[in-house]
Amino acid sequence: MFASASSVKVAALTVNTPSVNFNLKYEKEWADLEPVPQDDGPNPVVKIAYSEKFSDVYDYFRALLKNDERSDRAFALTAEAIELNAANYTVWHYRRVLLQALSKDLREEMRYITAIIEEQPKNYQVWHHRRMVVEWLNDPSEELEFIADILSQDAKNYHAWQHRQWVIQEYKLWDNELKFVENLLEDDVRNNSAWNQRHFVISHTTGFSDPAIVEREIQYCLSQIRKAPHNESAWNYLKGMLQDRGLSSPPGLLERVLELKETHCSPYLLAFLFDCYEDALENSNQKENVGEEERKDILRKALEICDLLANEKDTIRKEYWLFLGRSLENKSGSRGPSDKPPEPSDPASGQQEMS
Amino acid sequence: MWQRDGGQLFKKNFFFSFCVKRAVLRCLFVHFLLHSSYQLFVINPSFLCFRPALLREQHYQYLKKGLRHLSDAYECLDASRPWLCFWILHSLELLEEPIPTAVASDVCQFLARCQSPTGGFAGGPGQHAHLAPTYAAVNALCIIGTEEAYNVINREKLLDFLWSVKQPDGSFVMHVGGEVDVRSAYCAASVASLTNILTPKLFEDTTNWILSCQNWEGGLSGVPGLEAHGGYTFCGTAALVILGKEHMLDLKALLRWVVSRQMRFEGGFQGRCNKLVDGCYSFWQAGLLPLLHRALFKEGESELSRQRWMFEQQALQEYILLCCQNPAGGLLDKPGKSRDFYHTCYCLSGLSIAQHFGNMDLHHEMILGKEENRLAPTHPVYNICPEKVSQALQHFHRLVIPVFLDSNY
């Protein structure tokens with residue numbers, strides 16, 4: 001791992017930067033401090049074979065921590081310690097204490113943390129540190145662009161999305177986010193993080209109650225599905241958006257999906273159809289205009305799909321689809337529990353007991 | 001495939017079943033696409049016969065060594081050493097390899113040095129307490145299960161630590177001055193329940209916070225608003241099980257989400273929709289099925305299987321045994337990746353989940369390959385062996401719950 005430009009610069013400003021082959025114990029600057037070796041005990045376990053540099057830096061870090069020293073040399077050493085192990089949250093905490101105690105330049109710190117995150121974007125501590133600095137500065141102006149850059153390197157980085165949602169919510173930066181999401185989906189329509197962000201933006205702005213919004217989103221989903229029929233994200237989004245109000249609520253949706261079935265079928269389409277039928281059955285309990293014949297027909301279609309998925313189209317989930325079929329049959333009462341055929345190779349054991 | 005049910009052994013003719021053809025396709029797809037595991041077929045005849053072997057001896061040597069010494073490649077885990085203890089000890093207990101008394105005692109003494117004077121455990125001696133190494137340390141000590149191990153934990157201080165990271169909205173930060181996400185609730189609930197320091201007030205509003213992490217996909221995210229993710233879903237769900245509130249989730253939506261995470265070609269699990277398979281999700285994702293099975297059963301679901309979890313157990317075992325083993329010992333994410341102790345722990349934990357259905361009263365095993373591939377069962381909430389959970393609960397429930405003394409309480 002190369003030293004980041006800014007951490008070397010920060011170190012150079014304050015101490016004679018030790019070169020790779022010299023330890024701090026040879027530096028005059030540190031002569032007054034007694035390094036504290038790690039207390040692993042007489043018979044260590046999970047003992048790491050630290051490099052000489054690692055031991056050296058951390059022996060001095062422990063000394064500073066013990067004395068609660070608040071100085072520039074301490075601050076510089078945190079950068080060295082971070083470079084050796086950016087996951088050491090104790091070091092990051094101490095660095096934040098020093099940032100405040102020494103009234104360090106927070107703009108400079110933003111430049112530092114930007115460089116560190118670019119090198120190590122999948123680390124918890126670096127993103128949390130950035131959030132703290134942004135909060136102290138009360139300035140989110142660089143965030144959306146920075147995060148976009150990180151996402152351009154890994155469009156699904158969970159920490160990046162977390163930071164992005166925090167910034168947007170905290171500082172009310174909703175305006176351009178839907179466009180940002182659409183651009184990402186244009187790059188990769190299978191980016192589930194982008195689909196999630198779409199849901200995030202809409203649910204926090206217009207919401208999903210307005211039928212015009214719902215229709216727009218349905219059309220968006222169906223058009224993406226036509227382009228990439230085996231994209232699970234688009235189907236999940238369609239279902240996820242509608243499930244609270246009922247999948248049978250948008251008029252003509254079932255018909256549109258049945259049409260797609262002919263040319264753009266997938267296990268996801270079939271699962272969606274099952275969900276529509278199940279929803280119709282559940283809601284038909286409240287509606288009087290759904291006759292017994294119609295109910296039986298819907299149930300038959302739903303069970304047909306379960307069988308098709310379990311035995312042919314989605315066999316990896318066979319156990320699940322069989323369970324759903326049994327469960328639906330049981331709920332709909334077309335077969336009483338006593339008529340239920342026994343599960344294949346079901347041992348004749350008694351009641352299932354789970355503690 | 002050997003199936004054991006109530007003592008009787010039924011051998012299925014493995015070579016000509018449809019399952020073999022699918023296993024062949026899966027292996028070819030994954031291995032030859034990813035080149036580097038090609039050598040597994042050449043070197044190890046057991047793989048050619050599709051009766052894959054768990055490389056017990058190799059894993060044991062890798063684990064035994066790691067428990068004492070780690071190369072400088074592990075500097076990046078210098079703030080996670082209790083995790084290293086847990087990953088290795090749990091792997092050894094799954095392999096049913098005994099921990100020598102001296103080693104166990106050394107682990108106890110090391111973890112005692114990782115305990116913070118203000119409560120909780122840190123990533124190493126002299127570091128600040130953090131919920132993740134706290135979870136790992138308590139689990140490791142419960143695996144050891146001796147009086148010495150239990151006595152390491154300062155329960156009063158642990159309770160102080162949990163209060164110190166509790167937030168007004170019900171969530172927990174991972175450490176003082178640290179970040180919030182749903183892992184913290186699981187770590188807190190796990191250690192509090194095992195050591196008997198759990199009070200309702202400690203987890204006031206935590207249930208609602210965790211529930212707010214269930215999203216439109218049906219799974220749970222790290223914090224409300226984010227994408228559903230296997231690791232976070234496991235943590236949130238297991239935490240709710242500990243708190244007795246798992247029924248408040250939309251269990252049907254969660255079930256649909258998690259079963260959809262099993263990859264139809266690879267047989268293993270992905271962490272998020274449209275992402276790649278990874279061996280560690282063998283536990284985080286597959287481990288949800290036992291939790292959901294029990295939750296649905298408690299809700300009166302009558303159609304649950306009495307023999308199988310609602311995922312393809314054989315396919316997961318195939319993925320782990322054929323694609324996730326390093327011939328020199330240790331397990332991994334996917335072919336081409338390096339071994340590490342985290343993946344060793346969670347691949348083996350997932351393998352155990354896939355092999356064992358039920359609990360002590362109703363138990364059905366499905367062991368892919370030789371009988372020697374059998375691992376010990378693991379508890380789906382805590383991920384240590386069920387006997388160790390019972391033993392710890394028994395020990396700590398004889399003790400009084402400490403009273404948290406604080407002027408604001």
# chains A, B, ... in the order shown; residues from 1 in each chain; ligands from 1
>>> closest_atom_pairs(of="chain A", to="chain B", cutoff="7 Å", atoms="only C-alpha atoms", output="tab-separated table")
residue	atom	partner	partner_atom	distance
A:Gln38	CA	B:Pro125	CA	6.8
A:Asp39	CA	B:Pro125	CA	6.1
A:Asp40	CA	B:Phe110	CA	6.4
A:Gly41	CA	B:Phe110	CA	6.7
A:Asn43	CA	B:Asp106	CA	6.1
A:Pro44	CA	B:Phe110	CA	6.6
A:Val45	CA	B:Arg68	CA	4.6
A:Val46	CA	B:Arg68	CA	4.8
A:Lys47	CA	B:His69	CA	4.9
A:Ile48	CA	B:Leu70	CA	4.7
A:Ala49	CA	B:Asp72	CA	4.9
A:Tyr50	CA	B:Asp72	CA	5.2
A:Ser51	CA	B:Asp72	CA	6.6
A:Asn85	CA	B:Cys76	CA	5.2
A:Ala87	CA	B:Ala79	CA	6.7
A:Asn88	CA	B:Ala79	CA	5.3
A:Thr90	CA	B:His128	CA	5.7
A:His93	CA	B:Gly177	CA	7.0
A:His128	CA	B:Glu179	CA	6.2
A:Gln162	CA	B:Leu226	CA	6.6
A:Arg190	CA	B:Asn274	CA	6.4
A:Asn191	CA	B:Asn274	CA	7.0
A:Asn192	CA	B:Cys273	CA	6.2
A:Ser193	CA	B:Glu227	CA	6.0
A:Asn196	CA	B:Glu227	CA	5.7
A:Phe200	CA	B:Gly225	CA	6.1
A:Ser233	CA	B:Cys273	CA	6.8
A:Asn236	CA	B:Glu217	CA	6.4
A:Gly240	CA	B:Trp216	CA	4.6
A:Met241	CA	B:Trp216	CA	6.9
A:Ile316	CA	B:Arg264	CA	5.5
A:Arg317	CA	B:Phe311	CA	6.2
A:Glu319	CA	B:Met310	CA	5.1
A:Tyr320	CA	B:Met310	CA	5.1
A:Phe323	CA	B:Glu303	CA	6.4
A:Arg326	CA	B:Glu303	CA	6.1
A:Ser327	CA	B:Glu303	CA	5.7
A:Gln352	CA	B:Arg306	CA	6.3
A:Glu353	CA	B:Leu362	CA	6.6
A:Met354	CA	B:Asn359	CA	6.6
>>> write_last_selection(atoms="N, CA and C atoms", output="short mmCIF file (atom, residue, chain, number, x, y, z; two decimals), in the first residue's frame")
data_model
loop_
_atom_site.label_atom_id
_atom_site.label_comp_id
_atom_site.auth_asym_id
_atom_site.auth_seq_id
_atom_site.Cartn_x
_atom_site.Cartn_y
_atom_site.Cartn_z
N GLN A 38 3.04 -4.07 23.32
CA GLN A 38 1.70 -4.65 23.46
C GLN A 38 1.71 -5.72 24.54
N ASP A 39 0.67 -5.68 25.41
CA ASP A 39 0.59 -6.64 26.51
C ASP A 39 -0.22 -7.87 26.09
N ASP A 40 0.46 -8.78 25.37
CA ASP A 40 -0.21 -9.99 24.91
C ASP A 40 -0.17 -11.12 25.94
N GLY A 41 0.60 -10.92 27.01
CA GLY A 41 0.70 -11.96 28.02
C GLY A 41 1.79 -12.97 27.70
N ASN A 43 1.73 -16.32 27.20
CA ASN A 43 1.45 -17.36 26.19
C ASN A 43 0.43 -16.82 25.20
N PRO A 44 0.90 -16.00 24.24
CA PRO A 44 -0.05 -15.31 23.38
C PRO A 44 -0.81 -16.28 22.47
N VAL A 45 -2.00 -15.86 22.09
CA VAL A 45 -2.75 -16.57 21.06
C VAL A 45 -3.00 -15.59 19.91
N VAL A 46 -3.36 -16.12 18.75
CA VAL A 46 -3.56 -15.32 17.54
C VAL A 46 -2.53 -14.19 17.46
N LYS A 47 -1.28 -14.57 17.66
CA LYS A 47 -0.18 -13.61 17.70
C LYS A 47 0.23 -13.26 16.27
N ILE A 48 0.14 -11.96 15.96
CA ILE A 48 0.45 -11.50 14.61
C ILE A 48 1.94 -11.16 14.52
N ALA A 49 2.58 -11.61 13.45
CA ALA A 49 4.01 -11.33 13.24
C ALA A 49 4.18 -9.93 12.66
N TYR A 50 3.97 -8.93 13.51
CA TYR A 50 4.04 -7.54 13.05
C TYR A 50 5.40 -7.24 12.43
N SER A 51 5.40 -6.38 11.42
CA SER A 51 6.67 -5.87 10.89
C SER A 51 7.29 -4.95 11.95
N ASN A 85 -2.87 0.23 9.67
CA ASN A 85 -4.12 -0.51 9.88
C ASN A 85 -5.27 0.48 9.97
N ALA A 87 -8.26 0.03 10.00
CA ALA A 87 -9.43 -0.46 10.73
C ALA A 87 -9.28 -0.28 12.24
N ASN A 88 -8.19 0.36 12.66
CA ASN A 88 -8.02 0.53 14.10
C ASN A 88 -8.84 1.73 14.58
N THR A 90 -9.64 2.70 17.48
CA THR A 90 -9.08 3.43 18.63
C THR A 90 -8.21 4.57 18.14
N HIS A 93 -10.47 7.34 16.69
CA HIS A 93 -11.11 8.09 17.77
C HIS A 93 -10.14 9.11 18.34
N HIS A 128 -16.99 6.75 8.48
CA HIS A 128 -17.53 7.37 9.69
C HIS A 128 -16.75 8.63 10.01
N GLN A 162 -24.47 4.33 1.92
CA GLN A 162 -24.90 4.71 3.27
C GLN A 162 -24.58 6.18 3.52
N ARG A 190 -29.00 -3.78 -13.89
CA ARG A 190 -29.05 -4.81 -12.85
C ARG A 190 -28.47 -4.33 -11.52
N ASN A 191 -28.14 -3.05 -11.43
CA ASN A 191 -27.55 -2.53 -10.20
C ASN A 191 -28.63 -2.38 -9.13
N ASN A 192 -28.70 -3.35 -8.24
CA ASN A 192 -29.75 -3.38 -7.23
C ASN A 192 -29.63 -2.20 -6.25
N SER A 193 -28.41 -1.73 -6.01
CA SER A 193 -28.23 -0.56 -5.14
C SER A 193 -28.91 0.66 -5.74
N ASN A 196 -32.57 0.38 -5.29
CA ASN A 196 -32.89 0.73 -3.91
C ASN A 196 -32.90 2.24 -3.73
N PHE A 200 -35.72 4.79 -2.40
CA PHE A 200 -35.40 5.72 -1.31
C PHE A 200 -35.82 7.15 -1.68
N SER A 233 -33.91 -7.51 -10.09
CA SER A 233 -34.11 -6.21 -9.41
C SER A 233 -35.38 -5.51 -9.88
N ASN A 236 -38.42 -7.22 -8.49
CA ASN A 236 -38.53 -6.99 -7.04
C ASN A 236 -39.02 -5.58 -6.75
N GLY A 240 -42.20 -4.71 -4.76
CA GLY A 240 -41.94 -3.98 -3.53
C GLY A 240 -42.72 -2.68 -3.45
N MET A 241 -42.85 -2.03 -4.59
CA MET A 241 -43.56 -0.77 -4.66
C MET A 241 -45.06 -0.98 -4.43
N ILE A 316 -34.19 -24.70 -7.76
CA ILE A 316 -33.33 -24.46 -6.59
C ILE A 316 -34.19 -24.06 -5.39
N ARG A 317 -35.37 -23.49 -5.66
CA ARG A 317 -36.27 -23.06 -4.60
C ARG A 317 -37.45 -24.02 -4.46
N GLU A 319 -38.25 -26.50 -2.41
CA GLU A 319 -38.81 -26.63 -1.06
C GLU A 319 -39.72 -25.45 -0.74
N TYR A 320 -39.27 -24.27 -1.12
CA TYR A 320 -40.02 -23.05 -0.85
C TYR A 320 -41.33 -23.01 -1.64
N PHE A 323 -43.82 -25.42 -0.30
CA PHE A 323 -44.38 -24.89 0.95
C PHE A 323 -45.46 -23.85 0.64
N ARG A 326 -48.63 -25.50 -0.57
CA ARG A 326 -49.36 -26.17 0.52
C ARG A 326 -50.04 -25.13 1.40
N SER A 327 -49.29 -24.06 1.66
CA SER A 327 -49.80 -23.00 2.53
C SER A 327 -51.02 -22.32 1.92
N GLN A 352 -44.46 -32.31 14.83
CA GLN A 352 -43.17 -31.63 14.74
C GLN A 352 -43.00 -30.78 15.99
N GLU A 353 -41.84 -30.86 16.60
CA GLU A 353 -41.62 -30.03 17.79
C GLU A 353 -40.38 -29.18 17.59
N MET A 354 -40.52 -27.93 17.79
CA MET A 354 -39.36 -27.06 17.73
C MET A 354 -39.33 -26.27 19.02
#
>>> atom_distance(atom1="CA of Thr134 (chain B)", atom2="CA of His356 (chain B)")
28.1 Å
>>> closest_residue(among="A:Asp149, A:Glu80, A:Glu29, A:Glu282", to="Thr114 (chain A)", atoms="only C-alpha atoms")
A:Asp149
>>> select_by_dssp(residues="region 36-241 of chain B", states="helix (DSSP H, G or I)", output="PyMOL selection string")
chain B and resi 38-43+45-48+56-68+72-77+81-94+101-114+131-144+147-152+155-165+182-194+200-203+206-211+230-241
>>> atom_distance(atom1="CA of Ala148 (chain A)", atom2="CA of Phe269 (chain B)")
28.4 Å
>>> residues_around(residues="Ile367 (chain B)", least_positions_apart="2", cutoff="10 Å", atoms="only C-alpha atoms", output="list in words")
Met1, Trp2, Gln3, Arg4, Gln313, Gln314, Gln317, Leu351, Ser352, Ala354, Gln355, His356, His364, Glu365, Gly369, Lys370, Glu371, Glu372, Asn373, Arg374 and Leu375 of chain B
>>> write_last_selection(atoms="C-alpha atoms", output="CSV table (one decimal), in the first residue's frame")
chain,number,residue,atom,x,y,z
B,1,MET,CA,-25.7,-38.8,-0.4
B,2,TRP,CA,-26.2,-40.3,3.0
B,3,GLN,CA,-29.4,-39.6,4.8
B,4,ARG,CA,-29.8,-40.4,8.4
B,313,GLN,CA,-29.3,-28.1,1.3
B,314,GLN,CA,-27.5,-30.4,-1.1
B,317,GLN,CA,-23.0,-28.4,0.5
B,351,LEU,CA,-22.1,-26.4,5.9
B,352,SER,CA,-23.3,-27.4,9.3
B,354,ALA,CA,-27.1,-27.4,5.4
B,355,GLN,CA,-26.3,-30.8,7.0
B,356,HIS,CA,-28.6,-30.6,10.0
B,364,HIS,CA,-32.8,-35.0,10.3
B,365,GLU,CA,-29.3,-35.1,8.7
B,369,GLY,CA,-20.3,-37.2,0.4
B,370,LYS,CA,-18.7,-39.3,3.1
B,371,GLU,CA,-20.1,-39.6,6.6
B,372,GLU,CA,-16.8,-38.1,7.8
B,373,ASN,CA,-18.0,-34.8,6.2
B,374,ARG,CA,-20.4,-34.5,9.1
B,375,LEU,CA,-19.9,-31.4,11.2
>>> closest_residue(among="B:Gly350, B:Gly236, B:Gly268, B:Gly300", to="Gly287 (chain B)", atoms="only C-alpha atoms")
B:Gly350
>>> atom_distance(atom1="CA of Arg226 (chain A)", atom2="CA of Leu258 (chain A)")
13.2 Å
>>> residues_around(residues="Arg130 (chain A)", least_positions_apart="3", cutoff="12 Å", atoms="only C-alpha atoms", output="MDAnalysis selection string")
(chainID A and resid 92 96 106:117 121 123:127 133:140 142:143 146:147 159:160 163:164 166:167) or (chainID B and resid 178:179)
>>> closest_residue(among="B:Leu240, B:Ile384, B:Leu292, B:Ile99", to="Tyr346 (chain B)", atoms="only C-alpha atoms")
B:Ile384
>>> decode(residues="region 246-257 of chain B", atoms="all heavy atoms", output="PDB file, in the first residue's frame")
ATOM      1  N   GLU B 246     -39.507 -11.552  16.763  1.00  0.00           N
ATOM      2  CA  GLU B 246     -39.322 -11.834  15.340  1.00  0.00           C
ATOM      3  C   GLU B 246     -40.643 -11.880  14.579  1.00  0.00           C
ATOM      4  O   GLU B 246     -40.676 -11.620  13.369  1.00  0.00           O
ATOM      5  CB  GLU B 246     -38.540 -13.142  15.142  1.00  0.00           C
ATOM      6  CG  GLU B 246     -39.271 -14.406  15.528  1.00  0.00           C
ATOM      7  CD  GLU B 246     -39.163 -14.768  17.008  1.00  0.00           C
ATOM      8  OE1 GLU B 246     -38.963 -13.852  17.835  1.00  0.00           O
ATOM      9  OE2 GLU B 246     -39.300 -15.969  17.324  1.00  0.00           O
ATOM     10  N   HIS B 247     -41.742 -12.137  15.289  1.00  0.00           N
ATOM     11  CA  HIS B 247     -43.047 -12.206  14.623  1.00  0.00           C
ATOM     12  C   HIS B 247     -43.491 -10.838  14.091  1.00  0.00           C
ATOM     13  O   HIS B 247     -44.405 -10.755  13.281  1.00  0.00           O
ATOM     14  CB  HIS B 247     -44.105 -12.737  15.603  1.00  0.00           C
ATOM     15  CG  HIS B 247     -44.246 -11.884  16.828  1.00  0.00           C
ATOM     16  ND1 HIS B 247     -43.438 -12.020  17.925  1.00  0.00           N
ATOM     17  CD2 HIS B 247     -45.090 -10.859  17.100  1.00  0.00           C
ATOM     18  CE1 HIS B 247     -43.778 -11.129  18.847  1.00  0.00           C
ATOM     19  NE2 HIS B 247     -44.777 -10.401  18.363  1.00  0.00           N
ATOM     20  N   MET B 248     -42.832  -9.771  14.558  1.00  0.00           N
ATOM     21  CA  MET B 248     -43.229  -8.436  14.108  1.00  0.00           C
ATOM     22  C   MET B 248     -42.670  -8.095  12.728  1.00  0.00           C
ATOM     23  O   MET B 248     -43.077  -7.096  12.122  1.00  0.00           O
ATOM     24  CB  MET B 248     -42.800  -7.391  15.136  1.00  0.00           C
ATOM     25  CG  MET B 248     -43.499  -7.614  16.477  1.00  0.00           C
ATOM     26  SD  MET B 248     -43.080  -6.395  17.706  1.00  0.00           S
ATOM     27  CE  MET B 248     -43.926  -4.968  17.067  1.00  0.00           C
ATOM     28  N   LEU B 249     -41.736  -8.906  12.253  1.00  0.00           N
ATOM     29  CA  LEU B 249     -41.250  -8.735  10.882  1.00  0.00           C
ATOM     30  C   LEU B 249     -42.314  -9.222   9.902  1.00  0.00           C
ATOM     31  O   LEU B 249     -43.187 -10.013  10.267  1.00  0.00           O
ATOM     32  CB  LEU B 249     -39.996  -9.588  10.666  1.00  0.00           C
ATOM     33  CG  LEU B 249     -38.705  -9.120  11.309  1.00  0.00           C
ATOM     34  CD1 LEU B 249     -37.695 -10.262  11.345  1.00  0.00           C
ATOM     35  CD2 LEU B 249     -38.122  -7.946  10.525  1.00  0.00           C
ATOM     36  N   ASP B 250     -42.238  -8.774   8.662  1.00  0.00           N
ATOM     37  CA  ASP B 250     -43.038  -9.377   7.598  1.00  0.00           C
ATOM     38  C   ASP B 250     -42.289 -10.650   7.217  1.00  0.00           C
ATOM     39  O   ASP B 250     -41.396 -10.634   6.365  1.00  0.00           O
ATOM     40  CB  ASP B 250     -43.171  -8.424   6.416  1.00  0.00           C
ATOM     41  CG  ASP B 250     -44.049  -8.988   5.301  1.00  0.00           C
ATOM     42  OD1 ASP B 250     -44.332 -10.212   5.301  1.00  0.00           O
ATOM     43  OD2 ASP B 250     -44.444  -8.215   4.412  1.00  0.00           O
ATOM     44  N   LEU B 251     -42.625 -11.750   7.895  1.00  0.00           N
ATOM     45  CA  LEU B 251     -41.871 -12.990   7.744  1.00  0.00           C
ATOM     46  C   LEU B 251     -41.972 -13.551   6.326  1.00  0.00           C
ATOM     47  O   LEU B 251     -40.997 -14.088   5.802  1.00  0.00           O
ATOM     48  CB  LEU B 251     -42.361 -14.042   8.749  1.00  0.00           C
ATOM     49  CG  LEU B 251     -42.117 -13.730  10.228  1.00  0.00           C
ATOM     50  CD1 LEU B 251     -42.805 -14.761  11.122  1.00  0.00           C
ATOM     51  CD2 LEU B 251     -40.625 -13.679  10.544  1.00  0.00           C
ATOM     52  N   LYS B 252     -43.138 -13.401   5.706  1.00  0.00           N
ATOM     53  CA  LYS B 252     -43.322 -13.938   4.352  1.00  0.00           C
ATOM     54  C   LYS B 252     -42.424 -13.213   3.354  1.00  0.00           C
ATOM     55  O   LYS B 252     -41.808 -13.833   2.487  1.00  0.00           O
ATOM     56  CB  LYS B 252     -44.795 -13.832   3.927  1.00  0.00           C
ATOM     57  CG  LYS B 252     -45.729 -14.787   4.673  1.00  0.00           C
ATOM     58  CD  LYS B 252     -45.498 -16.239   4.265  1.00  0.00           C
ATOM     59  CE  LYS B 252     -46.126 -17.272   5.179  1.00  0.00           C
ATOM     60  NZ  LYS B 252     -47.580 -17.350   5.100  1.00  0.00           N
ATOM     61  N   ALA B 253     -42.365 -11.891   3.499  1.00  0.00           N
ATOM     62  CA  ALA B 253     -41.520 -11.104   2.593  1.00  0.00           C
ATOM     63  C   ALA B 253     -40.048 -11.432   2.821  1.00  0.00           C
ATOM     64  O   ALA B 253     -39.266 -11.540   1.867  1.00  0.00           O
ATOM     65  CB  ALA B 253     -41.778  -9.619   2.796  1.00  0.00           C
ATOM     66  N   LEU B 254     -39.667 -11.591   4.084  1.00  0.00           N
ATOM     67  CA  LEU B 254     -38.286 -11.928   4.415  1.00  0.00           C
ATOM     68  C   LEU B 254     -37.924 -13.304   3.864  1.00  0.00           C
ATOM     69  O   LEU B 254     -36.858 -13.503   3.279  1.00  0.00           O
ATOM     70  CB  LEU B 254     -38.087 -11.882   5.934  1.00  0.00           C
ATOM     71  CG  LEU B 254     -36.726 -12.308   6.483  1.00  0.00           C
ATOM     72  CD1 LEU B 254     -35.582 -11.581   5.791  1.00  0.00           C
ATOM     73  CD2 LEU B 254     -36.663 -12.058   7.980  1.00  0.00           C
ATOM     74  N   LEU B 255     -38.845 -14.248   4.021  1.00  0.00           N
ATOM     75  CA  LEU B 255     -38.618 -15.598   3.509  1.00  0.00           C
ATOM     76  C   LEU B 255     -38.413 -15.582   1.995  1.00  0.00           C
ATOM     77  O   LEU B 255     -37.473 -16.187   1.478  1.00  0.00           O
ATOM     78  CB  LEU B 255     -39.803 -16.495   3.869  1.00  0.00           C
ATOM     79  CG  LEU B 255     -39.746 -17.949   3.391  1.00  0.00           C
ATOM     80  CD1 LEU B 255     -38.555 -18.685   4.007  1.00  0.00           C
ATOM     81  CD2 LEU B 255     -41.036 -18.683   3.723  1.00  0.00           C
ATOM     82  N   ARG B 256     -39.275 -14.859   1.285  1.00  0.00           N
ATOM     83  CA  ARG B 256     -39.144 -14.769  -0.175  1.00  0.00           C
ATOM     84  C   ARG B 256     -37.789 -14.174  -0.541  1.00  0.00           C
ATOM     85  O   ARG B 256     -37.114 -14.661  -1.446  1.00  0.00           O
ATOM     86  CB  ARG B 256     -40.263 -13.907  -0.760  1.00  0.00           C
ATOM     87  CG  ARG B 256     -40.105 -13.586  -2.271  1.00  0.00           C
ATOM     88  CD  ARG B 256     -40.318 -14.771  -3.166  1.00  0.00           C
ATOM     89  NE  ARG B 256     -41.698 -15.191  -3.135  1.00  0.00           N
ATOM     90  CZ  ARG B 256     -42.655 -14.770  -3.973  1.00  0.00           C
ATOM     91  NH1 ARG B 256     -42.361 -13.912  -4.931  1.00  0.00           N
ATOM     92  NH2 ARG B 256     -43.881 -15.212  -3.866  1.00  0.00           N
ATOM     93  N   TRP B 257     -37.374 -13.138   0.172  1.00  0.00           N
ATOM     94  CA  TRP B 257     -36.099 -12.486  -0.145  1.00  0.00           C
ATOM     95  C   TRP B 257     -34.934 -13.449   0.055  1.00  0.00           C
ATOM     96  O   TRP B 257     -34.079 -13.594  -0.814  1.00  0.00           O
ATOM     97  CB  TRP B 257     -35.912 -11.225   0.704  1.00  0.00           C
ATOM     98  CG  TRP B 257     -34.598 -10.546   0.436  1.00  0.00           C
ATOM     99  CD1 TRP B 257     -34.296  -9.695  -0.594  1.00  0.00           C
ATOM    100  CD2 TRP B 257     -33.396 -10.681   1.198  1.00  0.00           C
ATOM    101  NE1 TRP B 257     -32.976  -9.298  -0.529  1.00  0.00           N
ATOM    102  CE2 TRP B 257     -32.409  -9.879   0.553  1.00  0.00           C
ATOM    103  CE3 TRP B 257     -33.037 -11.392   2.350  1.00  0.00           C
ATOM    104  CZ2 TRP B 257     -31.096  -9.776   1.037  1.00  0.00           C
ATOM    105  CZ3 TRP B 257     -31.733 -11.286   2.830  1.00  0.00           C
ATOM    106  CH2 TRP B 257     -30.778 -10.481   2.167  1.00  0.00           C
TER     107      TRP B 257
END
